[in-house]
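The file my_file19.cif comes next; it holds mmCIF, C-alpha atoms and all ligand atoms.
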```cif
data_my_file
loop_
_atom_site.label_atom_id
_atom_site.label_comp_id
_atom_site.auth_asym_id
_atom_site.auth_seq_id
_atom_site.Cartn_x
_atom_site.Cartn_y
_atom_site.Cartn_z
CA MET X 1 -25.78 16.53 -10.08
CA GLU X 2 -24.50 14.35 -7.30
CA LYS X 3 -20.77 14.46 -6.94
CA VAL X 4 -19.22 11.10 -6.15
CA PHE X 5 -16.03 11.11 -4.18
CA LYS X 6 -13.99 8.74 -2.10
CA VAL X 7 -13.06 9.50 1.49
CA LEU X 8 -9.68 8.44 2.84
CA ILE X 9 -9.06 8.69 6.59
CA PHE X 10 -5.37 8.70 7.48
CA THR X 11 -5.02 8.14 11.19
CA ASP X 12 -2.36 8.04 13.82
CA LEU X 13 -2.96 5.14 16.23
CA ASP X 14 -1.53 5.73 19.72
CA GLY X 15 -3.42 8.49 21.48
CA SER X 16 -5.56 9.20 18.40
CA LEU X 17 -7.49 6.02 17.67
CA LEU X 18 -6.12 3.82 20.45
CA HIS X 19 -6.32 4.75 24.13
CA ARG X 20 -3.04 6.40 25.04
CA ASP X 21 -2.25 4.11 27.96
CA THR X 22 -4.19 0.89 27.39
CA PHE X 23 -3.98 0.93 23.54
CA LYS X 24 -7.57 -0.30 23.43
CA PHE X 25 -10.32 0.85 21.05
CA ASP X 26 -13.32 -1.36 21.87
CA GLU X 27 -15.66 1.64 22.26
CA ILE X 28 -15.28 2.64 18.61
CA LYS X 29 -14.68 -0.73 16.94
CA ASP X 30 -18.24 -0.93 15.59
CA TYR X 31 -18.03 2.66 14.35
CA LEU X 32 -14.82 1.86 12.44
CA LYS X 33 -16.53 -1.11 10.83
CA LEU X 34 -19.56 0.99 9.97
CA LEU X 35 -17.37 3.56 8.20
CA ILE X 36 -15.61 0.87 6.21
CA SER X 37 -18.90 -0.77 5.25
CA LYS X 38 -19.93 2.61 3.82
CA GLY X 39 -16.93 2.58 1.49
CA ILE X 40 -14.73 4.92 3.51
CA PHE X 41 -11.07 3.91 3.62
CA ILE X 42 -9.21 3.97 6.93
CA ILE X 43 -5.43 4.00 6.67
CA PRO X 44 -3.38 3.82 9.88
CA CYS X 45 -0.42 6.22 9.56
CA THR X 46 1.80 5.71 12.55
CA SER X 47 5.25 5.26 14.04
CA LYS X 48 4.26 1.68 14.79
CA THR X 49 5.88 -1.25 13.00
CA GLU X 50 4.37 -3.44 10.31
CA ARG X 51 3.98 -6.27 12.83
CA GLU X 52 2.10 -4.02 15.26
CA ILE X 53 -0.29 -2.75 12.61
CA LEU X 54 -0.97 -6.26 11.34
CA GLU X 55 -1.87 -7.10 14.94
CA PHE X 56 -4.18 -4.06 15.02
CA ASN X 57 -5.80 -5.25 11.78
CA HIS X 58 -6.22 -8.65 13.38
CA GLU X 59 -7.91 -7.14 16.47
CA LEU X 60 -10.20 -5.11 14.21
CA GLY X 61 -10.88 -8.14 12.04
CA LEU X 62 -10.22 -6.24 8.83
CA ASN X 63 -7.34 -5.88 6.43
CA LEU X 64 -6.53 -2.16 6.25
CA PRO X 65 -3.77 -0.66 4.11
CA PHE X 66 -1.28 1.29 6.24
CA ILE X 67 1.73 3.57 6.56
CA CYS X 68 4.24 2.35 9.15
CA GLU X 69 7.32 3.62 10.98
CA ASN X 70 6.64 7.36 10.57
CA GLY X 71 6.11 7.17 6.83
CA ALA X 72 8.98 4.81 6.00
CA ALA X 73 6.78 2.35 4.11
CA ILE X 74 3.31 2.02 2.63
CA SER X 75 1.57 -1.36 2.61
CA GLY X 76 -1.61 -2.69 1.11
CA LEU X 77 -2.27 -0.34 -1.81
CA GLU X 78 -3.28 -3.46 -3.72
CA LEU X 79 -6.27 -3.76 -1.37
CA LEU X 80 -7.63 -0.55 -2.94
CA ASN X 81 -6.82 -1.56 -6.47
CA ILE X 82 -5.27 -4.76 -7.67
CA ASP X 83 -2.99 -2.86 -10.09
CA LEU X 84 -1.30 -0.93 -7.30
CA PRO X 85 1.89 -2.13 -5.61
CA LYS X 86 1.71 -4.25 -2.44
CA GLU X 87 4.46 -2.26 -0.77
CA LEU X 88 6.30 1.01 -1.32
CA ILE X 89 9.48 1.54 0.68
CA LEU X 90 10.42 5.20 1.14
CA SER X 91 13.36 4.82 3.50
CA ARG X 92 16.87 3.41 3.79
CA GLU X 93 17.21 0.48 6.20
CA LYS X 94 17.88 1.21 9.86
CA ASP X 95 21.40 -0.32 9.88
CA ASP X 96 22.47 2.13 7.17
CA LEU X 97 21.04 5.02 9.19
CA LEU X 98 22.74 3.89 12.38
CA ASN X 99 26.11 3.46 10.67
CA ILE X 100 26.00 7.01 9.35
CA PHE X 101 24.94 8.27 12.76
CA LYS X 102 27.83 6.50 14.49
CA ASN X 103 30.35 7.83 11.98
CA LYS X 104 29.19 11.42 11.94
CA VAL X 105 27.95 12.31 15.42
CA PRO X 106 30.54 13.36 18.06
CA ILE X 107 30.83 10.84 20.85
CA ASN X 108 29.69 13.27 23.58
CA LEU X 109 26.36 13.66 21.78
CA GLN X 110 26.09 9.96 21.00
CA ASN X 111 26.44 9.24 24.71
CA LYS X 112 23.28 11.25 25.36
CA CYS X 113 21.25 8.99 23.09
CA LYS X 114 19.94 5.95 24.94
CA TRP X 115 18.92 3.47 22.24
CA VAL X 116 15.89 1.45 23.19
CA PHE X 117 17.34 -1.68 21.51
CA GLU X 118 20.28 -1.53 23.94
CA MET X 119 18.13 -1.29 27.08
CA ASP X 120 17.23 -4.29 29.17
CA LYS X 121 13.77 -5.74 28.75
CA LYS X 122 12.35 -4.11 31.86
CA LYS X 123 13.41 -0.63 30.71
CA GLN X 124 12.15 -1.27 27.18
CA SER X 125 8.83 -2.31 28.63
CA LEU X 126 8.63 0.90 30.67
CA VAL X 127 9.54 3.13 27.72
CA PHE X 128 7.01 1.63 25.31
CA GLY X 129 4.37 0.74 27.91
CA LEU X 130 4.20 -2.72 26.38
CA GLU X 131 5.02 -6.24 27.44
CA ASP X 132 5.92 -9.62 25.99
CA LYS X 133 4.61 -10.21 22.48
CA LYS X 134 3.52 -6.59 21.98
CA LEU X 135 6.90 -5.29 23.11
CA LYS X 136 8.63 -7.66 20.71
CA MET X 137 6.48 -6.41 17.83
CA ALA X 138 7.29 -2.78 18.71
CA LEU X 139 11.00 -3.55 18.70
CA ASN X 140 10.83 -5.31 15.35
CA ARG X 141 11.73 -2.20 13.35
CA LYS X 142 13.14 -1.99 9.83
CA TYR X 143 13.58 1.74 9.20
CA THR X 144 13.51 3.77 12.40
CA ILE X 145 15.54 3.66 15.61
CA PRO X 146 13.89 4.81 18.83
CA PHE X 147 15.86 6.38 21.65
CA ILE X 148 15.59 8.53 24.75
CA PHE X 149 17.61 11.74 24.65
CA GLU X 150 19.31 12.80 27.85
CA GLY X 151 20.74 16.13 26.71
CA THR X 152 19.61 19.74 26.69
CA LYS X 153 17.47 21.45 24.09
CA ASN X 154 20.68 22.92 22.63
CA ASP X 155 22.30 19.49 22.41
CA ARG X 156 19.24 18.25 20.59
CA ASN X 157 19.35 21.08 18.08
CA GLU X 158 23.07 20.46 17.53
CA LEU X 159 22.43 16.76 16.95
CA SER X 160 19.64 17.56 14.52
CA ARG X 161 21.88 19.95 12.59
CA ILE X 162 24.72 17.42 12.28
CA ILE X 163 22.67 14.48 11.05
CA LYS X 164 20.61 16.58 8.65
CA LYS X 165 23.67 16.83 6.37
CA ASP X 166 23.25 13.10 5.74
CA ASN X 167 19.49 13.33 5.39
CA LEU X 168 18.82 11.87 8.81
CA TYR X 169 16.08 13.31 11.03
CA LEU X 170 14.73 13.20 14.57
CA GLN X 171 11.01 12.62 14.95
CA GLU X 172 9.34 13.16 18.31
CA GLY X 173 6.81 10.52 19.22
CA GLY X 174 4.63 10.28 22.27
CA ARG X 175 7.15 8.17 24.16
CA VAL X 176 10.48 8.28 22.31
CA ILE X 177 12.45 10.12 19.65
CA ASN X 178 12.98 8.19 16.43
CA LEU X 179 16.05 8.47 14.25
CA THR X 180 14.68 8.31 10.72
CA ASP X 181 15.49 8.77 7.08
CA ARG X 182 14.00 11.75 5.24
CA VAL X 183 10.49 10.38 5.67
CA SER X 184 7.32 11.73 7.21
CA LYS X 185 3.71 10.79 7.68
CA ALA X 186 2.77 13.68 5.39
CA LYS X 187 5.08 12.61 2.57
CA ALA X 188 3.77 9.04 2.72
CA LEU X 189 0.20 10.33 2.80
CA ARG X 190 0.79 12.40 -0.35
CA ILE X 191 2.34 9.43 -2.17
CA PHE X 192 -0.52 7.20 -1.07
CA VAL X 193 -3.09 9.68 -2.41
CA ARG X 194 -1.18 10.09 -5.67
CA PHE X 195 -1.39 6.35 -6.28
CA PHE X 196 -5.03 6.19 -5.23
CA LYS X 197 -5.94 9.01 -7.60
CA LYS X 198 -4.84 6.94 -10.59
CA ASN X 199 -8.24 5.24 -10.38
CA ASN X 200 -10.28 7.74 -8.38
CA LYS X 201 -10.47 11.34 -9.49
CA ASN X 202 -12.48 12.82 -6.63
CA VAL X 203 -10.82 12.20 -3.31
CA LYS X 204 -11.27 13.88 0.08
CA THR X 205 -8.73 13.23 2.79
CA ILE X 206 -9.19 13.36 6.54
CA ALA X 207 -6.19 13.06 8.87
CA VAL X 208 -6.33 12.41 12.60
CA GLY X 209 -3.52 12.98 15.07
CA ASP X 210 -2.80 13.95 18.66
CA ASN X 211 0.81 15.05 18.78
CA TYR X 212 3.77 16.95 17.25
CA ASN X 213 4.66 14.13 14.90
CA ASP X 214 1.19 14.37 13.32
CA LEU X 215 1.23 18.07 12.51
CA ASP X 216 2.78 17.80 9.06
CA MET X 217 0.20 15.15 8.20
CA LEU X 218 -2.65 17.36 9.45
CA LYS X 219 -1.39 20.27 7.36
CA THR X 220 -1.34 18.21 4.18
CA THR X 221 -4.95 17.02 4.35
CA ASP X 222 -8.38 18.44 3.38
CA PHE X 223 -9.92 17.88 6.83
CA PRO X 224 -7.36 17.92 9.68
CA CYS X 225 -8.55 16.53 13.04
CA LEU X 226 -6.87 16.77 16.42
CA VAL X 227 -7.84 14.41 19.23
CA PHE X 228 -7.46 15.79 22.75
CA ASN X 229 -4.11 15.04 24.37
CA ASP X 230 -3.43 16.72 27.73
CA LYS X 231 0.32 16.48 27.15
CA PHE X 232 0.12 18.45 23.93
CA THR X 233 -1.27 21.89 23.20
CA LEU X 234 -1.27 23.39 19.78
CA ASP X 235 0.13 26.87 20.30
CA GLU X 236 2.81 27.88 17.86
CA ILE X 237 1.54 26.27 14.66
CA PRO X 238 -1.90 27.25 13.40
CA ILE X 239 -3.68 24.78 11.14
CA ASP X 240 -6.52 25.99 8.92
CA ASN X 241 -9.97 24.47 9.47
CA LEU X 242 -8.73 22.25 12.28
CA ILE X 243 -11.43 20.02 13.78
CA THR X 244 -10.93 19.45 17.50
CA THR X 245 -12.58 17.70 20.42
CA ASN X 246 -12.17 17.87 24.18
CA LYS X 247 -12.32 14.08 24.41
CA PRO X 248 -9.23 11.87 24.30
CA SER X 249 -8.93 8.69 22.27
CA PRO X 250 -10.67 6.46 21.46
CA GLU X 251 -13.98 8.41 21.87
CA GLY X 252 -12.34 11.60 20.61
CA TRP X 253 -11.53 9.84 17.36
CA ALA X 254 -15.19 9.10 16.62
CA ASP X 255 -16.04 12.68 17.60
CA VAL X 256 -13.73 14.38 15.12
CA ILE X 257 -14.54 11.94 12.31
CA LYS X 258 -18.26 12.61 12.71
CA MET X 259 -17.62 16.35 12.48
CA ALA X 260 -15.36 15.92 9.46
CA LEU X 261 -17.94 13.80 7.62
CA VAL X 262 -20.62 16.44 8.23
CA LYS X 263 -18.26 19.06 6.76
CA ILE X 264 -17.53 16.85 3.74
CA ASP X 265 -21.25 16.38 3.06
CA LYS X 266 -21.76 20.13 3.09
CA ASN X 267 -18.93 20.76 0.63
MG MG R 1 -0.12 9.63 18.75
#
```
Now that the file is in, can you turn its structure into structure tokens?
Amino acid sequence: MEKVFKVLIFTDLDGSLLHRDTFKFDEIKDYLKLLISKGIFIIPCTSKTEREILEFNHELGLNLPFICENGAAISGLELLNIDLPKELILSREKDDLLNIFKNKVPINLQNKCKWVFEMDKKKQSLVFGLEDKKLKMALNRKYTIPFIFEGTKNDRNELSRIIKKDNLYLQEGGRVINLTDRVSKAKALRIFVRFFKKNNKNVKTIAVGDNYNDLDMLKTTDFPCLVFNDKFTLDEIPIDNLITTNKPSPEGWADVIKMALVKIDKN
């Protein structure tokens, strides 16, 4: 008997699906559309903001559901099923997080945190690798606060320890550290799947990432995929059944997805 199941692809964007420096994905645009036309769901799961992902959707020409700001919110579940909520917010707002941070963290440690929102435009542009409209969309954050840390590894651990008491966390991205609520890509992925399973019993999940902040997401999925990133090597944390490629994004994305789909068909 043929087993019918739905495939959900949760994917990081920068460095996984989008070129790490140019943020382009023209080479795989048709492949993305082909997957979607076959009934596969693609769900961006990224540190990017809602505005940035809506722009990505616009460039793709499709309306994809998504997880934004490192798992702080889920949008577009209603696109999968009309009965599901349009938006699920899993985080406190950024002003609340920043207030706690400013009240609890000793000033010597605070001084080592260079908030991106306090930098001048030129510096912001350098940090994010974005300009003008795209920079503005990246800065339009609701739940997470990016910064550059200018302390030692020990300082960082100390900072982490202090803010954890108030359920605040540091999440390493490709370019910045984000101060966040107790959210993660993995947690948002699990919640997303839980909602999706209300109407679909047989679900297989693929997750694609390229960096530290994707590892928890990769570990929580049926078919974890790692796109090549020369600034990141997976040494300390083994992931079972990891699918890898020696190509960077965007081509590497198509590579790992093709391998994952072959594996799914064999299962
Ligand atoms: Mg990435």
I'd like the neighbourhood of X:Glu50 as a PyMOL selection string, where a residue qualifies if any of its atoms comes within 10 Å (using all atoms listed in the file), though same-chain residues fewer than 2 positions away should be ignored. chain X and resi 46-48+52-56+66-69+73-75+137-138+140-142
In Å, how far is it from atom CA of X:Val4 to atom CA of X:Asn241? 22.5 Å
Quick one: residues within 9 Å of X:Ile9, only C-alpha atoms counted, chain neighbours fewer than 4 positions away excluded, as a PyMOL selection string? chain X and resi 40-44+204-208+257
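Distances here use all atoms listed in the file; by that measure, the residue among X:Gln110, X:Asn199, X:Pro238, X:Arg194 closest to X:Ile82 is X:Asn199.
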Kindly compile the residues surrounding ligand MG 1 (chain R) within 12 Å, counting all atoms listed in the file, and format them as a VMD selection string. chain X and resid 11 to 21 23 44 to 48 70 172 to 176 185 208 to 215 217 226 to 232 248 to 250 253
Best match for closeness to X:Ile177 among X:Lys153, X:Lys114, X:Lys164, X:Lys219, counting all atoms listed in the file: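 Closest candidate: X:Lys114.
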Please return as a PyMOL selection string every residue within 10 Å of (20.9, 17.5, 24.2), taking into account only C-alpha atoms and the file's own coordinates. chain X and resi 108-113+149-160
Once N, CA, C and O atoms are restored for stretch 61-81 of chain X, what would the output be as a CSV table (one decimal), keeping the file's coordinate frame?
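Result file follows (result00.csv):
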```
chain,number,residue,atom,x,y,z
X,61,GLY,N,-10.3,-7.1,12.9
X,61,GLY,CA,-10.9,-8.1,12.0
X,61,GLY,C,-11.0,-7.7,10.6
X,61,GLY,O,-11.8,-8.2,9.9
X,62,LEU,N,-10.2,-6.7,10.2
X,62,LEU,CA,-10.2,-6.2,8.8
X,62,LEU,C,-8.8,-6.0,8.3
X,62,LEU,O,-7.9,-5.8,9.1
X,63,ASN,N,-8.6,-6.1,7.0
X,63,ASN,CA,-7.3,-5.9,6.4
X,63,ASN,C,-7.2,-4.4,5.9
X,63,ASN,O,-7.6,-4.2,4.8
X,64,LEU,N,-6.7,-3.5,6.7
X,64,LEU,CA,-6.5,-2.2,6.2
X,64,LEU,C,-5.2,-1.9,5.6
X,64,LEU,O,-4.2,-2.5,6.1
X,65,PRO,N,-5.1,-1.1,4.6
X,65,PRO,CA,-3.8,-0.7,4.1
X,65,PRO,C,-3.2,0.3,5.2
X,65,PRO,O,-3.9,0.8,6.0
X,66,PHE,N,-1.9,0.5,5.2
X,66,PHE,CA,-1.3,1.3,6.2
X,66,PHE,C,0.1,1.9,5.9
X,66,PHE,O,0.7,1.5,4.9
X,67,ILE,N,0.4,2.9,6.7
X,67,ILE,CA,1.7,3.6,6.6
X,67,ILE,C,2.4,3.3,7.9
X,67,ILE,O,1.9,3.7,8.9
X,68,CYS,N,3.6,2.7,7.9
X,68,CYS,CA,4.2,2.4,9.2
X,68,CYS,C,5.5,3.1,9.4
X,68,CYS,O,6.0,3.8,8.5
X,69,GLU,N,6.0,3.0,10.6
X,69,GLU,CA,7.3,3.6,11.0
X,69,GLU,C,7.5,5.1,10.5
X,69,GLU,O,8.4,5.4,9.8
X,70,ASN,N,6.6,5.9,10.9
X,70,ASN,CA,6.6,7.4,10.6
X,70,ASN,C,6.7,7.7,9.1
X,70,ASN,O,7.3,8.7,8.7
X,71,GLY,N,6.1,6.9,8.3
X,71,GLY,CA,6.1,7.2,6.8
X,71,GLY,C,7.2,6.5,6.1
X,71,GLY,O,7.4,6.8,4.9
X,72,ALA,N,7.9,5.5,6.7
X,72,ALA,CA,9.0,4.8,6.0
X,72,ALA,C,8.5,3.8,4.9
X,72,ALA,O,9.2,3.6,3.9
X,73,ALA,N,7.3,3.3,5.1
X,73,ALA,CA,6.8,2.4,4.1
X,73,ALA,C,5.3,2.4,4.1
X,73,ALA,O,4.6,2.7,5.0
X,74,ILE,N,4.8,2.1,2.8
X,74,ILE,CA,3.3,2.0,2.6
X,74,ILE,C,3.0,0.6,2.3
X,74,ILE,O,3.7,0.0,1.4
X,75,SER,N,2.0,0.0,2.9
X,75,SER,CA,1.6,-1.4,2.6
X,75,SER,C,0.1,-1.5,2.2
X,75,SER,O,-0.7,-0.7,2.8
X,76,GLY,N,-0.2,-2.4,1.3
X,76,GLY,CA,-1.6,-2.7,1.1
X,76,GLY,C,-2.3,-1.8,0.1
X,76,GLY,O,-3.6,-1.8,0.1
X,77,LEU,N,-1.6,-1.1,-0.7
X,77,LEU,CA,-2.3,-0.3,-1.8
X,77,LEU,C,-3.1,-1.3,-2.7
X,77,LEU,O,-4.1,-0.9,-3.3
X,78,GLU,N,-2.6,-2.5,-2.8
X,78,GLU,CA,-3.3,-3.5,-3.7
X,78,GLU,C,-4.7,-3.8,-3.2
X,78,GLU,O,-5.5,-4.3,-3.9
X,79,LEU,N,-4.9,-3.5,-1.9
X,79,LEU,CA,-6.3,-3.8,-1.4
X,79,LEU,C,-7.3,-2.8,-1.9
X,79,LEU,O,-8.5,-3.0,-2.0
X,80,LEU,N,-6.8,-1.6,-2.4
X,80,LEU,CA,-7.6,-0.6,-2.9
X,80,LEU,C,-7.8,-0.8,-4.4
X,80,LEU,O,-8.9,-0.5,-5.0
X,81,ASN,N,-6.8,-1.2,-5.1
X,81,ASN,CA,-6.8,-1.6,-6.5
X,81,ASN,C,-5.7,-2.6,-6.8
X,81,ASN,O,-4.6,-2.4,-6.5
```
